[in-house]
file data36.cif (mmCIF, C-alpha atoms)
data_start
loop_
_atom_site.group_PDB
_atom_site.id
_atom_site.type_symbol
_atom_site.label_atom_id
_atom_site.label_comp_id
_atom_site.auth_asym_id
_atom_site.auth_seq_id
_atom_site.Cartn_x
_atom_site.Cartn_y
_atom_site.Cartn_z
ATOM 1 C CA MET A 1 123.148 62.155 105.776
ATOM 2 C CA ALA A 2 120.310 59.765 104.985
ATOM 3 C CA ASP A 3 117.093 60.151 106.930
ATOM 4 C CA ASP A 4 116.281 56.872 108.669
ATOM 5 C CA GLY A 5 112.583 57.681 108.463
ATOM 6 C CA ARG A 6 112.578 58.047 104.699
ATOM 7 C CA ALA A 7 111.274 54.569 103.874
ATOM 8 C CA ASP A 8 108.578 54.754 106.528
ATOM 9 C CA ASP A 9 107.633 58.254 105.452
ATOM 10 C CA ARG A 10 107.346 57.288 101.802
ATOM 11 C CA GLY A 11 105.416 54.163 102.696
ATOM 12 C CA SER A 12 102.977 56.092 104.835
ATOM 13 C CA GLY A 13 102.880 58.724 102.119
ATOM 14 C CA ARG A 14 101.716 56.114 99.628
ATOM 15 C CA ALA A 15 99.099 54.917 102.089
ATOM 16 C CA ASP A 16 98.035 58.513 102.694
ATOM 17 C CA ARG A 17 97.681 59.066 98.979
ATOM 18 C CA GLY A 18 95.400 56.040 98.688
ATOM 19 C CA SER A 19 93.285 56.660 101.779
ATOM 20 C CA GLY A 20 93.095 60.398 101.242
ATOM 21 C CA ARG A 21 92.097 60.276 97.579
ATOM 22 C CA ALA A 22 88.470 61.219 98.184
ATOM 23 C CA ALA A 23 89.450 64.063 100.503
ATOM 24 C CA ARG A 24 91.997 65.263 97.960
ATOM 25 C CA ARG A 25 89.311 65.238 95.266
ATOM 26 C CA ARG A 26 87.113 67.395 97.484
ATOM 27 C CA ARG A 27 90.027 69.770 98.039
ATOM 28 C CA SER A 28 90.742 69.916 94.298
ATOM 29 C CA ILE A 29 87.092 70.725 93.624
ATOM 30 C CA ALA A 30 87.207 73.504 96.213
ATOM 31 C CA VAL A 31 90.413 74.851 94.733
ATOM 32 C CA GLY A 32 88.922 74.550 91.251
ATOM 33 C CA VAL A 33 85.833 76.511 92.193
ATOM 34 C CA ALA A 34 87.949 79.252 93.727
ATOM 35 C CA LEU A 35 90.335 79.371 90.773
ATOM 36 C CA GLY A 36 87.513 79.385 88.262
ATOM 37 C CA SER A 37 85.825 82.324 89.948
ATOM 38 C CA SER A 38 89.015 83.888 91.315
ATOM 39 C CA ALA A 39 87.065 84.100 94.562
ATOM 40 C CA LEU A 40 89.166 84.374 97.683
ATOM 41 C CA VAL A 41 86.037 83.851 99.756
ATOM 42 C CA ALA A 42 86.951 80.143 99.810
ATOM 43 C CA LEU A 43 89.799 81.033 102.129
ATOM 44 C CA SER A 44 87.388 81.839 104.932
ATOM 45 C CA THR A 45 85.869 78.330 104.852
ATOM 46 C CA SER A 46 89.079 76.283 104.664
ATOM 47 C CA PRO A 47 90.767 74.775 107.730
ATOM 48 C CA ALA A 48 92.805 77.549 109.292
ATOM 49 C CA ALA A 49 95.290 77.898 112.121
ATOM 50 C CA ALA A 50 98.852 77.207 111.208
ATOM 51 C CA HIS A 51 100.483 75.572 114.160
ATOM 52 C CA GLY A 52 103.687 74.768 115.954
ATOM 53 C CA GLY A 53 107.198 76.115 115.641
ATOM 54 C CA GLY A 54 108.564 79.548 116.175
ATOM 55 C CA HIS A 55 111.386 81.509 114.663
ATOM 56 C CA GLY A 56 114.555 83.152 115.821
ATOM 57 C CA ARG A 57 117.353 81.839 117.992
ATOM 58 C CA GLY A 58 117.158 78.108 118.526
ATOM 59 C CA THR A 59 115.142 77.593 115.345
ATOM 60 C CA THR A 60 115.945 74.760 112.941
ATOM 61 C CA TYR A 61 114.992 75.902 109.426
ATOM 62 C CA ALA A 62 114.625 73.812 106.241
ATOM 63 C CA ALA A 63 114.063 75.546 102.871
ATOM 64 C CA LEU A 64 112.545 73.559 99.988
ATOM 65 C CA GLY A 65 111.904 74.853 96.505
ATOM 66 C CA ASP A 66 112.794 75.408 92.874
ATOM 67 C CA SER A 67 114.961 77.971 91.061
ATOM 68 C CA TYR A 68 112.942 80.930 92.358
ATOM 69 C CA THR A 69 114.145 79.822 95.767
ATOM 70 C CA SER A 70 117.668 78.698 94.845
ATOM 71 C CA GLY A 71 118.669 81.921 93.042
ATOM 72 C CA PRO A 72 120.542 80.749 89.924
ATOM 73 C CA LEU A 73 123.544 82.911 88.856
ATOM 74 C CA ILE A 74 123.140 85.262 91.830
ATOM 75 C CA PRO A 75 126.529 85.565 93.588
ATOM 76 C CA THR A 76 127.772 83.605 95.351
ATOM 77 C CA GLN A 77 126.761 80.258 93.860
ATOM 78 C CA VAL A 78 127.365 77.556 96.469
ATOM 79 C CA ASP A 79 125.906 74.528 94.668
ATOM 80 C CA ALA A 80 126.484 74.164 90.930
ATOM 81 C CA ASN A 81 124.158 71.170 90.607
ATOM 82 C CA CYS A 82 121.198 73.166 91.929
ATOM 83 C CA ALA A 83 122.247 76.691 90.878
ATOM 84 C CA ARG A 84 121.912 77.743 94.520
ATOM 85 C CA SER A 85 123.028 81.116 95.863
ATOM 86 C CA ASP A 86 124.007 82.025 99.409
ATOM 87 C CA HIS A 87 122.080 85.261 98.818
ATOM 88 C CA ASN A 88 118.735 83.654 98.008
ATOM 89 C CA TYR A 89 115.762 84.490 100.208
ATOM 90 C CA PRO A 90 116.080 81.484 102.560
ATOM 91 C CA SER A 91 119.748 82.364 103.264
ATOM 92 C CA LEU A 92 118.890 86.021 103.855
ATOM 93 C CA ALA A 93 115.982 85.103 106.131
ATOM 94 C CA ALA A 94 118.053 82.549 108.049
ATOM 95 C CA ALA A 95 120.741 85.169 108.700
ATOM 96 C CA ALA A 96 118.180 87.766 109.802
ATOM 97 C CA LEU A 97 116.476 85.261 112.127
ATOM 98 C CA LYS A 98 119.814 84.012 113.510
ATOM 99 C CA VAL A 99 118.558 80.438 113.311
ATOM 100 C CA SER A 100 120.585 77.749 115.049
ATOM 101 C CA ALA A 101 120.489 75.304 112.106
ATOM 102 C CA PHE A 102 119.728 75.952 108.449
ATOM 103 C CA LYS A 103 119.388 73.505 105.560
ATOM 104 C CA ASP A 104 118.668 74.900 102.089
ATOM 105 C CA VAL A 105 117.915 72.112 99.602
ATOM 106 C CA SER A 106 116.179 74.260 96.968
ATOM 107 C CA CYS A 107 117.205 73.281 93.464
ATOM 108 C CA GLY A 108 116.777 74.787 90.009
ATOM 109 C CA GLY A 109 114.366 72.748 87.897
ATOM 110 C CA ALA A 110 112.721 71.070 90.890
ATOM 111 C CA THR A 111 109.145 69.846 90.680
ATOM 112 C CA THR A 112 106.953 68.441 93.426
ATOM 113 C CA GLU A 113 108.339 65.009 92.489
ATOM 114 C CA ASN A 114 111.775 66.110 93.680
ATOM 115 C CA MET A 115 110.476 66.347 97.214
ATOM 116 C CA TRP A 116 110.715 62.538 97.170
ATOM 117 C CA LYS A 117 113.161 61.966 94.314
ATOM 118 C CA ALA A 118 116.832 62.960 94.079
ATOM 119 C CA GLN A 119 117.856 65.588 91.542
ATOM 120 C CA GLY A 120 121.456 65.020 90.522
ATOM 121 C CA THR A 121 123.558 65.331 93.667
ATOM 122 C CA ASN A 122 120.628 66.878 95.550
ATOM 123 C CA GLY A 123 118.795 64.211 97.534
ATOM 124 C CA PRO A 124 115.018 64.139 98.004
ATOM 125 C CA GLN A 125 114.235 67.568 99.431
ATOM 126 C CA LEU A 126 111.996 66.168 102.159
ATOM 127 C CA ASN A 127 115.076 64.523 103.680
ATOM 128 C CA ALA A 128 115.961 67.972 105.054
ATOM 129 C CA VAL A 129 112.816 67.949 107.211
ATOM 130 C CA HIS A 130 113.053 66.172 110.577
ATOM 131 C CA ARG A 131 111.005 65.812 113.729
ATOM 132 C CA ASP A 132 112.953 68.639 115.394
ATOM 133 C CA THR A 133 112.570 71.042 112.436
ATOM 134 C CA ASP A 134 110.812 74.220 113.613
ATOM 135 C CA LEU A 135 110.437 76.159 110.379
ATOM 136 C CA VAL A 136 109.871 74.978 106.795
ATOM 137 C CA THR A 137 109.402 77.114 103.691
ATOM 138 C CA VAL A 138 108.191 75.581 100.423
ATOM 139 C CA GLN A 139 108.097 77.296 97.022
ATOM 140 C CA ILE A 140 107.128 74.787 94.351
ATOM 141 C CA GLY A 141 104.696 74.302 91.467
ATOM 142 C CA GLY A 142 106.083 76.543 88.721
ATOM 143 C CA ASN A 143 107.939 73.717 87.009
ATOM 144 C CA ASP A 144 104.981 71.382 87.467
ATOM 145 C CA ILE A 145 102.866 73.676 85.310
ATOM 146 C CA GLY A 146 105.780 74.167 82.867
ATOM 147 C CA PHE A 147 107.161 77.690 83.436
ATOM 148 C CA GLY A 148 110.070 77.144 81.023
ATOM 149 C CA SER A 149 108.057 75.672 78.166
ATOM 150 C CA ILE A 150 105.346 78.338 78.566
ATOM 151 C CA ILE A 151 107.914 81.121 78.153
ATOM 152 C CA SER A 152 109.565 79.514 75.120
ATOM 153 C CA THR A 153 106.213 78.701 73.492
ATOM 154 C CA CYS A 154 104.853 82.221 73.942
ATOM 155 C CA ALA A 155 108.079 83.779 72.637
ATOM 156 C CA LYS A 156 108.059 81.501 69.591
ATOM 157 C CA LEU A 157 104.400 82.235 68.745
ATOM 158 C CA ALA A 158 104.554 86.026 69.279
ATOM 159 C CA PRO A 159 105.711 86.998 65.739
ATOM 160 C CA GLU A 160 102.577 85.360 64.298
ATOM 161 C CA ASP A 161 100.372 88.089 65.803
ATOM 162 C CA LEU A 162 102.233 90.755 67.780
ATOM 163 C CA THR A 163 99.100 92.734 68.606
ATOM 164 C CA GLY A 164 96.982 89.692 69.433
ATOM 165 C CA ALA A 165 97.262 86.751 71.825
ATOM 166 C CA PRO A 166 98.655 83.773 69.875
ATOM 167 C CA CYS A 167 99.900 82.063 73.009
ATOM 168 C CA ARG A 168 96.518 82.274 74.688
ATOM 169 C CA ARG A 169 94.929 80.923 71.486
ATOM 170 C CA TYR A 170 97.390 78.032 71.508
ATOM 171 C CA TYR A 171 96.729 77.073 75.122
ATOM 172 C CA THR A 172 92.940 77.433 74.806
ATOM 173 C CA SER A 173 92.535 75.902 71.326
ATOM 174 C CA SER A 174 90.880 72.764 72.743
ATOM 175 C CA GLY A 175 88.129 74.836 74.341
ATOM 176 C CA ALA A 176 89.679 74.662 77.805
ATOM 177 C CA ASP A 177 92.654 76.609 79.163
ATOM 178 C CA ARG A 178 95.424 74.008 79.391
ATOM 179 C CA LEU A 179 97.488 76.170 81.749
ATOM 180 C CA ALA A 180 94.542 76.552 84.122
ATOM 181 C CA LEU A 181 94.094 72.770 83.990
ATOM 182 C CA ASN A 182 97.810 72.260 84.694
ATOM 183 C CA ILE A 183 97.446 74.422 87.787
ATOM 184 C CA LEU A 184 94.465 72.360 88.946
ATOM 185 C CA ARG A 185 96.422 69.152 88.392
ATOM 186 C CA THR A 186 99.314 70.555 90.414
ATOM 187 C CA ALA A 187 97.122 71.335 93.446
ATOM 188 C CA PRO A 188 96.983 67.734 94.760
ATOM 189 C CA LYS A 189 100.748 67.414 94.233
ATOM 190 C CA VAL A 190 101.434 70.455 96.420
ATOM 191 C CA ASP A 191 98.864 69.104 98.870
ATOM 192 C CA ALA A 192 100.857 65.844 99.123
ATOM 193 C CA VAL A 193 104.094 67.770 99.714
ATOM 194 C CA LEU A 194 102.610 69.751 102.590
ATOM 195 C CA ARG A 195 101.106 66.673 104.199
ATOM 196 C CA ALA A 196 104.515 64.966 104.005
ATOM 197 C CA VAL A 197 106.178 68.003 105.602
ATOM 198 C CA HIS A 198 103.694 67.945 108.477
ATOM 199 C CA ALA A 199 104.172 64.190 108.904
ATOM 200 C CA ARG A 200 107.934 64.609 109.224
ATOM 201 C CA ALA A 201 107.875 67.770 111.336
ATOM 202 C CA PRO A 202 104.529 67.828 113.148
ATOM 203 C CA HIS A 203 105.417 70.866 115.260
ATOM 204 C CA ALA A 204 106.996 72.971 112.514
ATOM 205 C CA ARG A 205 105.692 76.272 111.286
ATOM 206 C CA VAL A 206 105.182 75.679 107.553
ATOM 207 C CA LEU A 207 105.018 78.513 105.022
ATOM 208 C CA VAL A 208 104.196 78.236 101.326
ATOM 209 C CA VAL A 209 105.967 80.990 99.393
ATOM 210 C CA GLY A 210 104.159 82.297 96.315
ATOM 211 C CA TYR A 211 105.763 83.521 93.104
ATOM 212 C CA PRO A 212 106.712 87.182 92.503
ATOM 213 C CA ASP A 213 105.296 89.596 89.929
ATOM 214 C CA LEU A 214 106.974 88.581 86.650
ATOM 215 C CA LEU A 215 105.054 90.777 84.182
ATOM 216 C CA PRO A 216 103.398 94.208 84.394
ATOM 217 C CA ASP A 217 100.433 94.046 86.750
ATOM 218 C CA ASP A 218 98.451 96.409 84.474
ATOM 219 C CA GLY A 219 98.689 93.950 81.561
ATOM 220 C CA SER A 220 100.902 96.162 79.423
ATOM 221 C CA GLY A 221 103.742 94.659 77.408
ATOM 222 C CA CYS A 222 107.331 95.461 76.533
ATOM 223 C CA TYR A 223 108.129 93.740 73.256
ATOM 224 C CA PRO A 224 110.894 93.062 72.197
ATOM 225 C CA SER A 225 112.579 93.260 75.624
ATOM 226 C CA VAL A 226 110.169 90.529 76.688
ATOM 227 C CA PRO A 227 109.192 88.925 73.365
ATOM 228 C CA PHE A 228 105.520 88.158 73.928
ATOM 229 C CA ALA A 229 102.536 89.378 71.912
ATOM 230 C CA ALA A 230 100.554 92.256 73.414
ATOM 231 C CA GLY A 231 97.514 90.161 74.347
ATOM 232 C CA ASP A 232 99.601 87.453 75.955
ATOM 233 C CA PHE A 233 100.979 89.717 78.693
ATOM 234 C CA PRO A 234 97.636 89.903 80.554
ATOM 235 C CA TYR A 235 97.012 86.202 79.849
ATOM 236 C CA LEU A 236 100.337 85.181 81.403
ATOM 237 C CA ARG A 237 99.838 87.618 84.286
ATOM 238 C CA ASP A 238 96.474 85.988 85.005
ATOM 239 C CA THR A 239 98.043 82.517 84.789
ATOM 240 C CA GLY A 240 100.639 83.525 87.391
ATOM 241 C CA ASN A 241 97.925 84.916 89.641
ATOM 242 C CA ARG A 242 95.940 81.701 89.284
ATOM 243 C CA LEU A 243 98.996 79.658 90.288
ATOM 244 C CA ASN A 244 99.496 81.820 93.365
ATOM 245 C CA LEU A 245 95.834 81.537 94.310
ATOM 246 C CA MET A 246 96.077 77.753 94.097
ATOM 247 C CA LEU A 247 99.145 77.787 96.353
ATOM 248 C CA ARG A 248 97.348 80.027 98.848
ATOM 249 C CA LEU A 249 94.328 77.741 98.976
ATOM 250 C CA VAL A 250 96.325 74.521 99.272
ATOM 251 C CA ALA A 251 98.397 76.104 102.045
ATOM 252 C CA GLN A 252 95.191 76.935 103.913
ATOM 253 C CA TRP A 253 93.879 73.391 103.532
ATOM 254 C CA ASN A 254 97.093 72.070 105.073
ATOM 255 C CA ARG A 255 97.398 74.295 108.136
ATOM 256 C CA ALA A 256 100.241 76.156 106.466
ATOM 257 C CA GLU A 257 100.717 79.885 105.977
ATOM 258 C CA TYR A 258 101.012 81.666 102.648
ATOM 259 C CA VAL A 259 103.702 84.233 101.882
ATOM 260 C CA ASP A 260 102.545 86.702 99.220
ATOM 261 C CA THR A 261 105.583 87.774 97.183
ATOM 262 C CA TYR A 262 103.503 89.173 94.310
ATOM 263 C CA ARG A 263 102.273 92.373 95.944
ATOM 264 C CA PRO A 264 105.702 93.331 97.369
ATOM 265 C CA THR A 265 107.318 92.925 93.921
ATOM 266 C CA ARG A 266 104.589 94.650 91.902
ATOM 267 C CA GLY A 267 106.100 97.428 89.812
ATOM 268 C CA HIS A 268 109.468 95.657 89.684
ATOM 269 C CA ASP A 269 108.648 93.130 86.953
ATOM 270 C CA MET A 270 110.911 92.136 84.065
ATOM 271 C CA CYS A 271 109.583 94.937 81.827
ATOM 272 C CA LYS A 272 111.009 97.629 84.083
ATOM 273 C CA ALA A 273 114.381 99.302 83.546
ATOM 274 C CA PRO A 274 117.585 97.883 85.047
ATOM 275 C CA GLY A 275 117.888 99.155 88.585
ATOM 276 C CA VAL A 276 114.112 99.175 88.993
ATOM 277 C CA ARG A 277 113.313 95.603 88.093
ATOM 278 C CA TRP A 278 113.714 92.756 90.540
ATOM 279 C CA ILE A 279 112.943 90.119 87.891
ATOM 280 C CA GLU A 280 115.335 89.853 84.955
ATOM 281 C CA PRO A 281 113.991 89.611 81.373
ATOM 282 C CA LEU A 282 114.967 86.880 78.916
ATOM 283 C CA GLN A 283 118.325 88.597 78.378
ATOM 284 C CA PRO A 284 119.366 89.480 81.935
ATOM 285 C CA ALA A 285 121.395 92.627 82.593
ATOM 286 C CA SER A 286 122.419 91.567 86.095
ATOM 287 C CA PRO A 287 123.442 88.145 87.462
ATOM 288 C CA ALA A 288 120.267 86.059 87.431
ATOM 289 C CA ALA A 289 118.589 83.470 85.256
ATOM 290 C CA PRO A 290 116.181 84.709 82.554
ATOM 291 C CA ALA A 291 112.673 85.412 83.920
ATOM 292 C CA HIS A 292 113.954 84.932 87.473
ATOM 293 C CA PRO A 293 114.514 87.172 90.487
ATOM 294 C CA ASN A 294 117.818 89.005 90.687
ATOM 295 C CA ALA A 295 119.517 89.767 94.019
ATOM 296 C CA GLN A 296 117.012 92.545 94.729
ATOM 297 C CA GLY A 297 114.136 90.169 93.969
ATOM 298 C CA GLU A 298 115.481 87.619 96.434
ATOM 299 C CA LYS A 299 115.824 90.398 99.037
ATOM 300 C CA ALA A 300 112.197 91.389 98.438
ATOM 301 C CA MET A 301 111.032 87.800 98.919
ATOM 302 C CA ALA A 302 113.122 87.534 102.106
ATOM 303 C CA ARG A 303 111.438 90.701 103.431
ATOM 304 C CA ALA A 304 108.002 89.257 102.618
ATOM 305 C CA LEU A 305 108.875 86.026 104.424
ATOM 306 C CA LEU A 306 110.216 87.837 107.494
ATOM 307 C CA GLU A 307 107.147 90.074 107.648
ATOM 308 C CA ARG A 308 104.888 87.027 107.469
ATOM 309 C CA LEU A 309 106.833 85.349 110.265
ATOM 310 C CA ASP A 310 106.557 88.502 112.392
ATOM 311 C CA LYS A 311 102.759 88.446 112.072
ATOM 312 C CA GLY A 312 102.617 85.192 114.031
ATOM 313 C CA HIS A 313 100.265 82.287 113.590
ATOM 314 C CA GLY A 314 96.711 82.458 112.389
ATOM 315 C CA HIS A 315 96.959 85.743 110.425
ATOM 316 C CA HIS A 316 96.384 84.747 106.814
#

call {"tool": "encode", "arguments": {"input": "data36.cif", "output": "structure tokens"}}
result
Amino acid sequence: MADDGRADDRGSGRADRGSGRAARRRRSIAVGVALGSSALVALSTSPAAAHGGGHGRGTTYAALGDSYTSGPLIPTQVDANCARSDHNYPSLAAAALKVSAFKDVSCGGATTENMWKAQGTNGPQLNAVHRDTDLVTVQIGGNDIGFGSIISTCAKLAPEDLTGAPCRRYYTSSGADRLALNILRTAPKVDAVLRAVHARAPHARVLVVGYPDLLPDDGSGCYPSVPFAAGDFPYLRDTGNRLNLMLRLVAQWNRAEYVDTYRPTRGHDMCKAPGVRWIEPLQPASPAAPAHPNAQGEKAMARALLERLDKGHGHH
């Protein structure tokens, strides 16, 4: 059903983007400083206190996100257009919370743009958020920085120098790390999404869900199971950590809470053996998309979300 407030919301969103440009630049600078130094100290100086909304019976829950949220190929697929599973983490969390209304509009391939723009048969994801929505989860940004192209590029370059870091060389050949810059450029886009969520559901509890541990946390590799050069494993690990740090900071700036899914999935990355790993490698052994969470990975993210909700507001 169409949201009658969509036109007004998008109009005010455009106005917000114009009037808030200077503030957004300041936020991007703050995020940039923190990302450049990997200093979490910036968290203590950003606007805190998530607000509104509860969870449990009577809760209206809207889940927004990309394929890490939707759960492609994980049984049972309930939306072919978006590769969405009924055993993804929002569905598992909604069942555990016994929410009164649940709308999952996560969609494989989604970028921040798809919060406002339809994606095939999936309408703008923000249309799922209403004034009476109590709980919103958002997991977005991976496709904005180019997850898919990064993986294919690094796999293609690996044979050139298996013991080196050809992918890192490629992305830093201009003298700046293009992936780090992509993350910085994505920060204001995530910022705009969160402001739009708050505008539509001013009393909702809003949680930004980070990305899980895809590669070994110790920087080791597992070629050819995951076909990257040895030096590119730590580079890609660091890129993932930088993306998560950006999401954490932007969440803080927007009175939202951050759900860390990296620490709970550490040691279950795509280099681990079947049965141990919660992220499938490029040739999955269980039903999941390549380089994506399997059913166990979605369960782990659901646990992380539920634990964060149990902590209550204000605990970051």

call {"tool": "resolve_selection", "arguments": {"input": "data36.cif", "expression": "the PyMOL selection byres ((chain A and resi 298) around 9)", "output": "ChimeraX atom specification"}}
result
/A:68-69,71,87-90,92,278,293-297,299-303

call {"tool": "resolve_selection", "arguments": {"input": "data36.cif", "expression": "the PyMOL selection byres ((chain A and resi 128) around 12)", "output": "PyMOL selection string"}}
result
chain A and resi 1-6+60-65+101-106+115-116+122-127+129-138+196-197+200-201

call {"tool": "atom_distance", "arguments": {"input": "data36.cif", "atom1": "atom CA of A:Trp253", "atom2": "atom CA of A:Asp177"}}
result
24.6 Å

call {"tool": "residues_around", "arguments": {"input": "data36.cif", "residues": "A:Cys222", "least_positions_apart": "6", "cutoff": "10 Å", "atoms": "only C-alpha atoms", "output": "JSON, numbers by chain"}}
result
{"A": [215, 216, 228, 229, 230, 233, 270, 271, 272]}

call {"tool": "closest_residue", "arguments": {"input": "data36.cif", "among": "A:Ala93, A:Ala155, A:Leu207, A:Leu73", "to": "A:Asp232", "atoms": "all atoms listed in the file"}}
result
A:Ala155

call {"tool": "closest_residue", "arguments": {"input": "data36.cif", "among": "A:Arg277, A:Gly219, A:Lys98, A:Lys117", "to": "A:Gly58", "atoms": "all atoms listed in the file"}}
result
A:Lys98

call {"tool": "atom_distance", "arguments": {"input": "data36.cif", "atom1": "atom CA of A:Asp213", "atom2": "atom CA of A:Leu236"}}
result
10.8 Å
